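One structure is given here, and the rest of the page talks about it.
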Amino acid sequence: MDNLLSKTKKNPRVITLANNWKMKEIKIVLSLRDEMIAHNIDSKLIQEYLDEEYDRINTMYEIRIKKYYDKLNNTTTNIKTNNKKLREKSIEFLIKNKNFLEEKGYDNTFINNYVTKHYDVINMKFSSKVGKNKIDADELQFID
């Protein structure tokens with residue numbers, strides 16, 4: 001059953017709509033071609049018309065598909081930049097906590113263990129996998 005599901009890859013809705021639109025437009029052009037042939041219009045004029053319409057349909061189709069992929073790439077880029085900003089803020093907060101612990105006179109080994117532990121947590125949370133955090137924000141326990 002899993003093999004059957006993995007073989008049938010489902011296209012995104014935007015691509016499906018673009019494909020359906022293209023097929024509908026091609027059917028219209030073909031019916032107009034048949035109508036022109038039935039009315040004895042010159043074959044060169046029919047061919048010119050078909051070429052122009054196919055070019056128009058293909059450019060519109062490519063524009064629709066390009067918009068989808070551009071939007072998809074922009075959201076991926078935004079997620080990466082947001083993760084980078086959040087990681088920087090988390091590290092700044094960790095440095096503030098370290099300074100606070102030093103001011104209060106905590107032992108250096110305790111501070112080093114604390115910083116190392118939370119720095120590892122930050123690195124795991126903001127790993128290279130975009131949008132898939134391995135650790136929830138609730139697991140980060142900082143001193144305020």
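Chain labels follow the order of the structure tokens: the first chain is A, the next B, and so on; residue numbering restarts at 1 in every chain, and ligands are counted from 1 in their shown order.
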| request: Would you kindly return, as an MDAnalysis selection string, each protein, DNA or RNA residue with an atom no farther than 9 Å from any atom of A:Ala18, considering only C-alpha atoms and excluding same-chain residues fewer than 2 positions away? | output: chainID A and resid 13:16 20:23 60:62 64:65
| request: List every residue of chain A that DSSP, applied to the backbone of this structure, assigns to alpha helix (DSSP H), and report them as a PyMOL selection string. | output: chain A and resi 2-7+13-38+43-103+108-125
Taking C-alpha atoms for each residue, export the selection above as a short mmCIF file (atom, residue, chain, number, x, y, z; two decimals), in the first residue's frame.
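out37.cif, written as the output of this step:
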```
data_model
loop_
_atom_site.label_atom_id
_atom_site.label_comp_id
_atom_site.auth_asym_id
_atom_site.auth_seq_id
_atom_site.Cartn_x
_atom_site.Cartn_y
_atom_site.Cartn_z
CA ASP A 2 2.85 2.40 0.85
CA ASN A 3 4.48 1.76 -2.52
CA LEU A 4 1.26 2.70 -4.28
CA LEU A 5 0.99 5.96 -2.35
CA SER A 6 4.61 6.90 -2.95
CA LYS A 7 4.26 6.31 -6.70
CA ARG A 13 -3.16 22.88 -6.27
CA VAL A 14 -1.72 25.80 -8.25
CA ILE A 15 -0.02 23.48 -10.72
CA THR A 16 -3.15 21.36 -11.09
CA LEU A 17 -5.21 24.47 -11.80
CA ALA A 18 -2.65 25.67 -14.36
CA ASN A 19 -2.68 22.28 -16.09
CA ASN A 20 -6.47 22.24 -16.18
CA TRP A 21 -6.57 25.78 -17.58
CA LYS A 22 -4.04 24.88 -20.28
CA MET A 23 -5.97 21.78 -21.34
CA LYS A 24 -9.22 23.77 -21.48
CA GLU A 25 -7.62 26.48 -23.63
CA ILE A 26 -6.14 23.87 -25.99
CA LYS A 27 -9.57 22.25 -26.40
CA ILE A 28 -11.04 25.64 -27.30
CA VAL A 29 -8.30 26.27 -29.87
CA LEU A 30 -8.78 22.82 -31.40
CA SER A 31 -12.53 23.34 -31.68
CA LEU A 32 -11.91 26.70 -33.37
CA ARG A 33 -9.50 24.98 -35.75
CA ASP A 34 -12.16 22.43 -36.66
CA GLU A 35 -14.65 25.25 -37.17
CA MET A 36 -12.22 27.07 -39.50
CA ILE A 37 -11.57 23.91 -41.48
CA ALA A 38 -15.32 23.38 -41.83
CA SER A 43 -4.64 26.41 -44.11
CA LYS A 44 -1.79 28.93 -43.74
CA LEU A 45 -4.07 31.31 -41.82
CA ILE A 46 -5.23 28.45 -39.63
CA GLN A 47 -1.63 27.42 -38.92
CA GLU A 48 -0.63 31.02 -38.06
CA TYR A 49 -3.58 31.31 -35.71
CA LEU A 50 -2.76 27.99 -34.03
CA ASP A 51 0.90 28.95 -33.58
CA GLU A 52 -0.04 32.30 -32.01
CA GLU A 53 -2.57 30.69 -29.67
CA TYR A 54 -0.20 27.90 -28.60
CA ASP A 55 2.49 30.49 -27.86
CA ARG A 56 0.01 32.57 -25.84
CA ILE A 57 -1.21 29.54 -23.89
CA ASN A 58 2.31 28.31 -23.15
CA THR A 59 3.54 31.73 -21.96
CA MET A 60 0.52 32.15 -19.69
CA TYR A 61 1.04 28.63 -18.34
CA GLU A 62 4.74 29.26 -17.68
CA ILE A 63 3.92 32.55 -15.93
CA ARG A 64 1.48 30.79 -13.59
CA ILE A 65 3.97 28.05 -12.77
CA LYS A 66 6.81 30.56 -12.32
CA LYS A 67 4.71 32.62 -9.86
CA TYR A 68 4.15 29.51 -7.75
CA TYR A 69 7.83 28.56 -7.62
CA ASP A 70 8.91 32.16 -6.98
CA LYS A 71 6.51 32.35 -4.05
CA LEU A 72 7.74 28.99 -2.76
CA ASN A 73 11.38 30.12 -2.94
CA ASN A 74 10.58 33.41 -1.18
CA THR A 75 8.89 31.67 1.74
CA THR A 76 11.86 29.30 2.14
CA THR A 77 14.24 32.25 2.13
CA ASN A 78 12.10 34.09 4.70
CA ILE A 79 12.09 31.06 7.01
CA LYS A 80 15.88 30.83 6.81
CA THR A 81 16.38 34.52 7.60
CA ASN A 82 13.85 34.36 10.46
CA ASN A 83 15.64 31.33 11.93
CA LYS A 84 18.95 33.16 11.69
CA LYS A 85 17.52 36.21 13.51
CA LEU A 86 15.95 34.05 16.21
CA ARG A 87 19.22 32.18 16.70
CA GLU A 88 21.12 35.45 17.11
CA LYS A 89 18.57 36.70 19.66
CA SER A 90 18.81 33.43 21.59
CA ILE A 91 22.59 33.69 21.74
CA GLU A 92 22.38 37.33 22.87
CA PHE A 93 19.97 36.26 25.62
CA LEU A 94 22.35 33.47 26.67
CA ILE A 95 25.21 35.98 26.92
CA LYS A 96 23.02 38.25 29.10
CA ASN A 97 22.26 35.27 31.35
CA LYS A 98 25.95 34.45 31.58
CA ASN A 99 26.77 38.03 32.60
CA PHE A 100 23.96 37.95 35.18
CA LEU A 101 25.32 34.74 36.70
CA GLU A 102 28.83 36.19 36.84
CA GLU A 103 27.53 39.33 38.58
CA ASN A 108 32.69 29.40 36.89
CA THR A 109 32.20 25.65 36.30
CA PHE A 110 28.45 26.05 36.84
CA ILE A 111 28.36 29.02 34.43
CA ASN A 112 30.40 27.15 31.81
CA ASN A 113 28.16 24.07 32.07
CA TYR A 114 25.05 26.26 31.84
CA VAL A 115 26.32 28.15 28.78
CA THR A 116 27.51 24.97 27.05
CA LYS A 117 24.22 23.17 27.66
CA HIS A 118 22.05 26.01 26.40
CA TYR A 119 24.32 26.77 23.47
CA ASP A 120 23.97 23.13 22.37
CA VAL A 121 20.19 23.44 22.74
CA ILE A 122 20.22 26.57 20.56
CA ASN A 123 22.33 24.81 17.93
CA MET A 124 19.97 21.84 17.89
CA LYS A 125 16.91 24.06 17.67
#
```
